[in-house]
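Enquirer: Just so it is clear, I am handing over data05.cif, which has mmCIF, C-alpha atoms, pLDDT in the B column; chains and numbers go by the auth columns.
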data_run
loop_
_atom_site.group_PDB
_atom_site.id
_atom_site.type_symbol
_atom_site.label_atom_id
_atom_site.label_comp_id
_atom_site.label_asym_id
_atom_site.label_seq_id
_atom_site.Cartn_x
_atom_site.Cartn_y
_atom_site.Cartn_z
_atom_site.B_iso_or_equiv
_atom_site.auth_seq_id
_atom_site.auth_asym_id
ATOM 1 C CA MET A 1 -38.479 -46.305 57.038 46.00 193 A
ATOM 2 C CA ILE A 2 -41.153 -45.379 54.616 48.00 194 A
ATOM 3 C CA ARG A 3 -40.990 -41.805 55.928 48.00 195 A
ATOM 4 C CA VAL A 4 -37.257 -41.410 55.412 46.00 196 A
ATOM 5 C CA VAL A 5 -37.212 -41.983 51.663 46.00 197 A
ATOM 6 C CA PRO A 6 -39.620 -39.112 50.790 47.00 198 A
ATOM 7 C CA THR A 7 -37.574 -36.754 52.986 45.00 199 A
ATOM 8 C CA VAL A 8 -34.316 -37.745 51.285 45.00 200 A
ATOM 9 C CA LEU A 9 -35.921 -37.354 47.861 43.00 201 A
ATOM 10 C CA ALA A 10 -37.281 -33.928 48.817 44.00 202 A
ATOM 11 C CA LEU A 11 -33.841 -32.754 49.924 44.00 203 A
ATOM 12 C CA LEU A 12 -32.221 -33.981 46.711 47.00 204 A
ATOM 13 C CA ALA A 13 -34.811 -32.360 44.483 51.00 205 A
ATOM 14 C CA GLY A 14 -35.249 -29.091 46.371 58.00 206 A
ATOM 15 C CA GLY A 15 -32.048 -27.623 47.643 59.00 207 A
ATOM 16 C CA VAL A 16 -28.986 -29.772 47.563 59.00 208 A
ATOM 17 C CA PRO A 17 -27.112 -29.681 44.259 63.00 209 A
ATOM 18 C CA VAL A 18 -26.374 -33.014 42.734 61.00 210 A
ATOM 19 C CA PRO A 19 -22.957 -33.207 41.077 65.00 211 A
ATOM 20 C CA LEU A 20 -23.181 -33.882 37.344 65.00 212 A
ATOM 21 C CA ASP A 21 -20.498 -34.697 34.832 68.00 213 A
ATOM 22 C CA ALA A 22 -19.731 -31.397 33.004 64.00 214 A
ATOM 23 C CA ALA A 23 -17.125 -30.175 30.558 62.00 215 A
ATOM 24 C CA THR A 24 -14.644 -27.782 32.093 82.00 216 A
ATOM 25 C CA THR A 25 -13.374 -26.340 28.785 87.00 217 A
ATOM 26 C CA SER A 26 -15.081 -25.145 25.627 86.00 218 A
ATOM 27 C CA THR A 27 -14.501 -22.757 22.727 90.00 219 A
ATOM 28 C CA PHE A 28 -16.245 -19.845 21.045 92.00 220 A
ATOM 29 C CA GLN A 29 -15.748 -18.164 17.673 95.00 221 A
ATOM 30 C CA VAL A 30 -14.015 -14.763 17.342 96.00 222 A
ATOM 31 C CA SER A 31 -14.115 -12.984 13.967 96.00 223 A
ATOM 32 C CA ALA A 32 -13.923 -9.631 12.236 96.00 224 A
ATOM 33 C CA THR A 33 -14.447 -8.440 8.694 93.00 225 A
ATOM 34 C CA VAL A 34 -12.200 -5.707 7.306 86.00 226 A
ATOM 35 C CA VAL A 35 -14.001 -3.747 4.606 89.00 227 A
ATOM 36 C CA ALA A 36 -12.021 -1.926 1.938 90.00 228 A
ATOM 37 C CA GLY A 37 -12.627 1.810 1.816 91.00 229 A
ATOM 38 C CA CYS A 38 -11.285 5.319 2.072 91.00 230 A
ATOM 39 C CA LEU A 39 -11.259 8.017 4.718 87.00 231 A
ATOM 40 C CA VAL A 40 -11.136 11.791 4.363 85.00 232 A
ATOM 41 C CA VAL A 41 -8.508 12.751 6.932 82.00 233 A
ATOM 42 C CA GLY A 42 -9.846 15.323 9.360 72.00 234 A
ATOM 43 C CA GLY A 43 -13.388 15.014 8.002 68.00 235 A
ATOM 44 C CA VAL A 44 -13.048 18.256 6.035 72.00 236 A
ATOM 45 C CA SER A 45 -15.672 19.252 3.497 74.00 237 A
ATOM 46 C CA ASN A 46 -13.491 21.739 1.562 79.00 238 A
ATOM 47 C CA TYR A 47 -10.970 19.857 -0.557 82.00 239 A
ATOM 48 C CA GLY A 48 -8.755 22.898 -1.272 84.00 240 A
ATOM 49 C CA ASN A 49 -8.567 25.934 -3.549 90.00 241 A
ATOM 50 C CA LEU A 50 -7.738 26.666 -7.168 94.00 242 A
ATOM 51 C CA ASP A 51 -6.345 30.221 -7.080 95.00 243 A
ATOM 52 C CA PHE A 52 -5.309 31.833 -10.366 96.00 244 A
ATOM 53 C CA GLY A 53 -3.929 34.860 -8.499 95.00 245 A
ATOM 54 C CA SER A 54 -4.266 38.551 -9.453 96.00 246 A
ATOM 55 C CA TRP A 55 -3.979 39.780 -13.042 95.00 247 A
ATOM 56 C CA SER A 56 -4.483 43.031 -14.924 95.00 248 A
ATOM 57 C CA ALA A 57 -7.940 43.422 -16.464 92.00 249 A
ATOM 58 C CA LEU A 58 -6.121 43.968 -19.779 95.00 250 A
ATOM 59 C CA SER A 59 -4.111 40.752 -19.578 95.00 251 A
ATOM 60 C CA THR A 60 -4.498 38.176 -22.329 96.00 252 A
ATOM 61 C CA SER A 61 -2.355 35.600 -20.549 95.00 253 A
ATOM 62 C CA SER A 62 -3.065 31.936 -20.211 96.00 254 A
ATOM 63 C CA VAL A 63 -3.019 31.395 -16.443 97.00 255 A
ATOM 64 C CA THR A 64 -2.711 28.104 -14.571 97.00 256 A
ATOM 65 C CA THR A 65 -2.979 26.803 -11.044 96.00 257 A
ATOM 66 C CA ALA A 66 -3.066 23.558 -9.061 94.00 258 A
ATOM 67 C CA LEU A 67 -5.291 22.466 -6.215 90.00 259 A
ATOM 68 C CA GLY A 68 -3.720 24.012 -3.145 83.00 260 A
ATOM 69 C CA GLY A 69 -4.467 25.731 0.105 70.00 261 A
ATOM 70 C CA THR A 70 -5.556 23.364 2.808 66.00 262 A
ATOM 71 C CA THR A 71 -5.851 20.398 0.474 67.00 263 A
ATOM 72 C CA VAL A 72 -7.574 17.275 1.641 76.00 264 A
ATOM 73 C CA THR A 73 -5.646 14.113 2.317 82.00 265 A
ATOM 74 C CA LEU A 74 -7.304 10.767 1.767 88.00 266 A
ATOM 75 C CA GLN A 75 -6.380 7.400 3.188 91.00 267 A
ATOM 76 C CA CYS A 76 -7.495 4.200 1.485 92.00 268 A
ATOM 77 C CA THR A 77 -7.157 0.524 2.156 90.00 269 A
ATOM 78 C CA PRO A 78 -4.202 -0.641 0.034 88.00 270 A
ATOM 79 C CA GLY A 79 -5.384 -1.760 -3.384 87.00 271 A
ATOM 80 C CA VAL A 80 -8.647 0.219 -3.372 90.00 272 A
ATOM 81 C CA SER A 81 -9.575 1.685 -6.751 93.00 273 A
ATOM 82 C CA LEU A 82 -10.340 5.363 -6.136 93.00 274 A
ATOM 83 C CA SER A 83 -12.001 7.624 -8.687 94.00 275 A
ATOM 84 C CA MET A 84 -13.271 11.183 -8.714 95.00 276 A
ATOM 85 C CA SER A 85 -15.566 13.353 -10.776 96.00 277 A
ATOM 86 C CA VAL A 86 -16.060 17.116 -10.710 96.00 278 A
ATOM 87 C CA ASP A 87 -19.333 18.773 -11.659 97.00 279 A
ATOM 88 C CA ALA A 88 -19.831 21.807 -13.903 97.00 280 A
ATOM 89 C CA GLY A 89 -19.702 24.328 -11.057 97.00 281 A
ATOM 90 C CA GLN A 90 -22.178 27.031 -10.090 97.00 282 A
ATOM 91 C CA ASN A 91 -21.475 29.271 -13.086 97.00 283 A
ATOM 92 C CA SER A 92 -21.348 26.843 -15.992 96.00 284 A
ATOM 93 C CA ALA A 93 -22.842 27.725 -19.354 95.00 285 A
ATOM 94 C CA SER A 94 -23.037 25.647 -22.530 94.00 286 A
ATOM 95 C CA GLY A 95 -20.899 22.870 -21.053 94.00 287 A
ATOM 96 C CA THR A 96 -18.105 25.211 -19.923 97.00 288 A
ATOM 97 C CA ARG A 97 -16.978 25.933 -16.373 98.00 289 A
ATOM 98 C CA ASN A 98 -16.786 29.660 -15.621 98.00 290 A
ATOM 99 C CA LEU A 99 -15.507 32.012 -12.968 97.00 291 A
ATOM 100 C CA LYS A 100 -18.119 34.717 -12.419 97.00 292 A
ATOM 101 C CA ARG A 101 -17.549 38.267 -11.185 97.00 293 A
ATOM 102 C CA SER A 102 -19.003 38.600 -7.688 94.00 294 A
ATOM 103 C CA ASN A 103 -20.748 41.924 -8.416 90.00 295 A
ATOM 104 C CA GLY A 104 -21.810 41.419 -11.989 92.00 296 A
ATOM 105 C CA THR A 105 -22.274 38.989 -14.818 94.00 297 A
ATOM 106 C CA ALA A 106 -18.806 38.935 -16.425 96.00 298 A
ATOM 107 C CA ARG A 107 -17.346 35.439 -16.748 96.00 299 A
ATOM 108 C CA VAL A 108 -13.984 33.819 -17.456 97.00 300 A
ATOM 109 C CA ALA A 109 -14.020 30.282 -18.848 97.00 301 A
ATOM 110 C CA TYR A 110 -11.633 27.759 -17.327 98.00 302 A
ATOM 111 C CA GLN A 111 -10.796 24.092 -17.813 98.00 303 A
ATOM 112 C CA LEU A 112 -9.811 21.427 -15.296 98.00 304 A
ATOM 113 C CA PHE A 113 -7.128 18.814 -15.838 97.00 305 A
ATOM 114 C CA ARG A 114 -5.818 15.839 -13.903 94.00 306 A
ATOM 115 C CA ASP A 115 -2.166 16.355 -14.783 94.00 307 A
ATOM 116 C CA ALA A 116 0.327 19.214 -14.405 95.00 308 A
ATOM 117 C CA GLY A 117 1.080 19.106 -18.138 96.00 309 A
ATOM 118 C CA PHE A 118 -2.548 20.041 -18.937 97.00 310 A
ATOM 119 C CA SER A 119 -2.918 17.146 -21.357 97.00 311 A
ATOM 120 C CA GLN A 120 -5.561 15.076 -19.522 96.00 312 A
ATOM 121 C CA SER A 121 -8.810 17.011 -19.410 96.00 313 A
ATOM 122 C CA LEU A 122 -11.147 16.554 -16.461 96.00 314 A
ATOM 123 C CA GLY A 123 -14.535 16.779 -18.149 96.00 315 A
ATOM 124 C CA ILE A 124 -17.761 17.726 -16.452 97.00 316 A
ATOM 125 C CA ASN A 125 -18.942 14.791 -14.294 97.00 317 A
ATOM 126 C CA GLN A 126 -16.332 12.552 -15.960 96.00 318 A
ATOM 127 C CA SER A 127 -15.208 9.783 -13.622 96.00 319 A
ATOM 128 C CA VAL A 128 -11.418 9.423 -13.644 95.00 320 A
ATOM 129 C CA ALA A 129 -9.107 7.137 -11.714 94.00 321 A
ATOM 130 C CA VAL A 130 -7.019 8.659 -8.926 92.00 322 A
ATOM 131 C CA THR A 131 -3.690 6.871 -8.863 90.00 323 A
ATOM 132 C CA TYR A 132 -1.530 6.812 -5.753 88.00 324 A
ATOM 133 C CA SER A 133 1.579 5.163 -4.421 89.00 325 A
ATOM 134 C CA ASP A 134 1.040 5.854 -0.720 89.00 326 A
ATOM 135 C CA PRO A 135 -2.451 4.767 0.444 89.00 327 A
ATOM 136 C CA SER A 136 -2.100 6.856 3.616 87.00 328 A
ATOM 137 C CA ALA A 137 -1.481 10.218 1.880 86.00 329 A
ATOM 138 C CA ILE A 138 -3.542 10.611 -1.296 87.00 330 A
ATOM 139 C CA LYS A 139 -3.889 14.076 -2.850 86.00 331 A
ATOM 140 C CA LEU A 140 -6.456 14.872 -5.534 89.00 332 A
ATOM 141 C CA PRO A 141 -4.810 15.661 -8.895 91.00 333 A
ATOM 142 C CA VAL A 142 -6.667 18.797 -10.027 94.00 334 A
ATOM 143 C CA PHE A 143 -5.091 21.505 -12.183 96.00 335 A
ATOM 144 C CA ALA A 144 -6.761 24.441 -13.924 97.00 336 A
ATOM 145 C CA ARG A 145 -6.129 26.749 -16.858 98.00 337 A
ATOM 146 C CA ALA A 146 -7.925 29.917 -17.979 97.00 338 A
ATOM 147 C CA GLN A 147 -7.371 32.206 -20.944 95.00 339 A
ATOM 148 C CA LEU A 148 -7.845 35.835 -19.902 96.00 340 A
ATOM 149 C CA PRO A 149 -9.659 37.812 -22.624 95.00 341 A
ATOM 150 C CA GLY A 150 -8.047 41.227 -21.956 95.00 342 A
ATOM 151 C CA ASN A 151 -11.293 43.157 -21.489 95.00 343 A
ATOM 152 C CA LEU A 152 -12.550 42.099 -18.062 93.00 344 A
ATOM 153 C CA PRO A 153 -14.130 44.440 -15.529 95.00 345 A
ATOM 154 C CA ALA A 154 -12.033 44.560 -12.358 94.00 346 A
ATOM 155 C CA GLY A 155 -13.353 42.435 -9.517 95.00 347 A
ATOM 156 C CA SER A 156 -13.250 39.084 -7.815 96.00 348 A
ATOM 157 C CA TYR A 157 -14.173 36.076 -9.970 97.00 349 A
ATOM 158 C CA THR A 158 -15.160 32.784 -8.320 97.00 350 A
ATOM 159 C CA ASP A 159 -16.826 29.446 -8.847 97.00 351 A
ATOM 160 C CA VAL A 160 -17.592 26.455 -6.632 96.00 352 A
ATOM 161 C CA VAL A 161 -17.389 22.907 -7.968 96.00 353 A
ATOM 162 C CA GLN A 162 -18.448 19.694 -6.304 94.00 354 A
ATOM 163 C CA VAL A 163 -16.093 16.713 -6.172 92.00 355 A
ATOM 164 C CA VAL A 164 -17.491 13.190 -5.884 93.00 356 A
ATOM 165 C CA LEU A 165 -15.159 10.435 -4.708 91.00 357 A
ATOM 166 C CA SER A 166 -15.975 6.804 -5.454 93.00 358 A
ATOM 167 C CA PHE A 167 -14.252 3.642 -4.295 90.00 359 A
#
Rewrite the structure from the file as structure tokens, please.
Expert:
Amino acid sequence: MIRVVPTVLALLAGGVPVPLDAATTSTFQVSATVVAGCLVVGGVSNYGNLDFGSWSALSTSSVTTALGGTTVTLQCTPGVSLSMSVDAGQNSASGTRNLKRSNGTARVAYQLFRDAGFSQSLGINQSVAVTYSDPSAIKLPVFARAQLPGNLPAGSYTDVVQVVLSF
């Protein structure tokens, strides 16, 4: 009988599972954090065009335009405060944005605004709030005005400005 006990103990310890009391149910935590932010729809890097159109070199008109072309659409989490700033452009001089003739040095000064009535100036690198009612279809409010001097050489006049969006 002394030999039987070590054999039984060896079987219990080595290969035969011993039933234990165990819990058959338990829980685990599931969580997510939603971060407020904005998305540039389509991932485009060109936010649109300001096109003053074609005018006579002798024109002294005040010409206006609004951001158009393939304008960017933004989507933001509801309630996000969105702001934008626009730099001086590639052809600025003395704190003024300028269109520059592509084959020359002639310039036409222009100003940017954030309203169609041209009463709210959009200063160089000035951060301004972008208001919206539909957080899934936000358009940037950019309008421009230039005073043609009436003595311009014919040609194509352009500038490129950088827009910074903050939220």
Enquirer: Could you pull the residues within 7 Å of range 299-303 of chain A, counting all atoms listed in the file, minus those fewer than 3 positions along the same chain, as a PyMOL selection string?
Expert: chain A and resi 288-293+336-338+340
Enquirer: Looking at A:Thr350, A:Ala224, A:Gly229, A:Val322, which one is nearest to Cys268 in chain A, with distances taken over all atoms listed in the file?
Expert: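 For Cys268 in chain A, the nearest of the candidates is A:Gly229.
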Enquirer: Show me the residues around (-11.4, 10.5, -16.2) - criterion: an atom at most 12 Å away, all atoms listed in the file counted - as a PDB file with C-alpha atoms, in the coordinates of the input.
Expert:
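The file below, out.pdb, is the result:
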ATOM      1  CA  LEU A 274     -10.340   5.363  -6.136  1.00 93.00           C
ATOM      2  CA  SER A 275     -12.001   7.624  -8.687  1.00 94.00           C
ATOM      3  CA  MET A 276     -13.271  11.183  -8.714  1.00 95.00           C
ATOM      4  CA  SER A 277     -15.566  13.353 -10.776  1.00 96.00           C
ATOM      5  CA  VAL A 278     -16.060  17.116 -10.710  1.00 96.00           C
ATOM      6  CA  LEU A 304      -9.811  21.427 -15.296  1.00 98.00           C
ATOM      7  CA  PHE A 305      -7.128  18.814 -15.838  1.00 97.00           C
ATOM      8  CA  ARG A 306      -5.818  15.839 -13.903  1.00 94.00           C
ATOM      9  CA  ASP A 307      -2.166  16.355 -14.783  1.00 94.00           C
ATOM     10  CA  SER A 311      -2.918  17.146 -21.357  1.00 97.00           C
ATOM     11  CA  GLN A 312      -5.561  15.076 -19.522  1.00 96.00           C
ATOM     12  CA  SER A 313      -8.810  17.011 -19.410  1.00 96.00           C
ATOM     13  CA  LEU A 314     -11.147  16.554 -16.461  1.00 96.00           C
ATOM     14  CA  GLY A 315     -14.535  16.779 -18.149  1.00 96.00           C
ATOM     15  CA  ILE A 316     -17.761  17.726 -16.452  1.00 97.00           C
ATOM     16  CA  ASN A 317     -18.942  14.791 -14.294  1.00 97.00           C
ATOM     17  CA  GLN A 318     -16.332  12.552 -15.960  1.00 96.00           C
ATOM     18  CA  SER A 319     -15.208   9.783 -13.622  1.00 96.00           C
ATOM     19  CA  VAL A 320     -11.418   9.423 -13.644  1.00 95.00           C
ATOM     20  CA  ALA A 321      -9.107   7.137 -11.714  1.00 94.00           C
ATOM     21  CA  VAL A 322      -7.019   8.659  -8.926  1.00 92.00           C
ATOM     22  CA  THR A 323      -3.690   6.871  -8.863  1.00 90.00           C
ATOM     23  CA  PRO A 333      -4.810  15.661  -8.895  1.00 91.00           C
ATOM     24  CA  VAL A 334      -6.667  18.797 -10.027  1.00 94.00           C
TER      25      VAL A 334
END
Enquirer: Work out how far CA of Ser273 in chain A is from CA of Pro327 in chain A, in Å to one decimal.
Expert: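 Separating CA of Pro327 in chain A from CA of Ser273 in chain A is a distance of 10.6 Å.
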Enquirer: Would you list the contacts of range 241-251 of chain A as a PDB file with C-alpha atoms, in the coordinates of the input, taking every protein, DNA or RNA residue within 9 Å and counting all atoms listed in the file, but skipping same-chain residues closer than 2 positions in sequence?
Expert:
ATOM      1  CA  ASN A 238     -13.491  21.739   1.562  1.00 79.00           C
ATOM      2  CA  TYR A 239     -10.970  19.857  -0.557  1.00 82.00           C
ATOM      3  CA  SER A 253      -2.355  35.600 -20.549  1.00 95.00           C
ATOM      4  CA  SER A 254      -3.065  31.936 -20.211  1.00 96.00           C
ATOM      5  CA  VAL A 255      -3.019  31.395 -16.443  1.00 97.00           C
ATOM      6  CA  THR A 256      -2.711  28.104 -14.571  1.00 97.00           C
ATOM      7  CA  THR A 257      -2.979  26.803 -11.044  1.00 96.00           C
ATOM      8  CA  ALA A 258      -3.066  23.558  -9.061  1.00 94.00           C
ATOM      9  CA  LEU A 259      -5.291  22.466  -6.215  1.00 90.00           C
ATOM     10  CA  GLY A 260      -3.720  24.012  -3.145  1.00 83.00           C
ATOM     11  CA  GLY A 261      -4.467  25.731   0.105  1.00 70.00           C
ATOM     12  CA  THR A 262      -5.556  23.364   2.808  1.00 66.00           C
ATOM     13  CA  THR A 263      -5.851  20.398   0.474  1.00 67.00           C
ATOM     14  CA  VAL A 334      -6.667  18.797 -10.027  1.00 94.00           C
ATOM     15  CA  PHE A 335      -5.091  21.505 -12.183  1.00 96.00           C
ATOM     16  CA  ALA A 336      -6.761  24.441 -13.924  1.00 97.00           C
ATOM     17  CA  ARG A 337      -6.129  26.749 -16.858  1.00 98.00           C
ATOM     18  CA  ALA A 338      -7.925  29.917 -17.979  1.00 97.00           C
ATOM     19  CA  LEU A 340      -7.845  35.835 -19.902  1.00 96.00           C
ATOM     20  CA  PRO A 341      -9.659  37.812 -22.624  1.00 95.00           C
ATOM     21  CA  GLY A 342      -8.047  41.227 -21.956  1.00 95.00           C
ATOM     22  CA  ASN A 343     -11.293  43.157 -21.489  1.00 95.00           C
ATOM     23  CA  LEU A 344     -12.550  42.099 -18.062  1.00 93.00           C
ATOM     24  CA  PRO A 345     -14.130  44.440 -15.529  1.00 95.00           C
ATOM     25  CA  ALA A 346     -12.033  44.560 -12.358  1.00 94.00           C
ATOM     26  CA  GLY A 347     -13.353  42.435  -9.517  1.00 95.00           C
TER      27      GLY A 347
END
Enquirer: For a test of reading the model, state the distance in Å between CA of Gly296 in chain A and CA of Asp279 in chain A, rounded to one decimal.
Expert: 22.8 Å
Enquirer: Nearest to Phe359 in chain A among A:Val232, A:Val264, A:Val272, A:Ala329, with distances taken over only C-alpha atoms: which residue is it?
Expert: A:Val272
Enquirer: Rounded to one decimal place, report the CA of Leu357 in chain A-CA of Leu332 in chain A distance in Å.
Expert: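 About the pair CA of Leu357 in chain A and CA of Leu332 in chain A: they are 9.8 Å apart.
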Enquirer: From the list A:Leu266, A:Thr252, A:Gly271, A:Asn295, which residue is nearest Val227 in chain A when using only C-alpha atoms?
Expert: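 Comparing A:Leu266, A:Thr252, A:Gly271, A:Asn295 against Val227 in chain A, the winner is A:Gly271.
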Enquirer: Might you pull out every residue within 8 Å of Gln267 in chain A, with only C-alpha atoms counted and same-chain residues fewer than 2 positions away left off, and present them as a PyMOL selection string?
Expert: chain A and resi 230-233+265+269+327-330
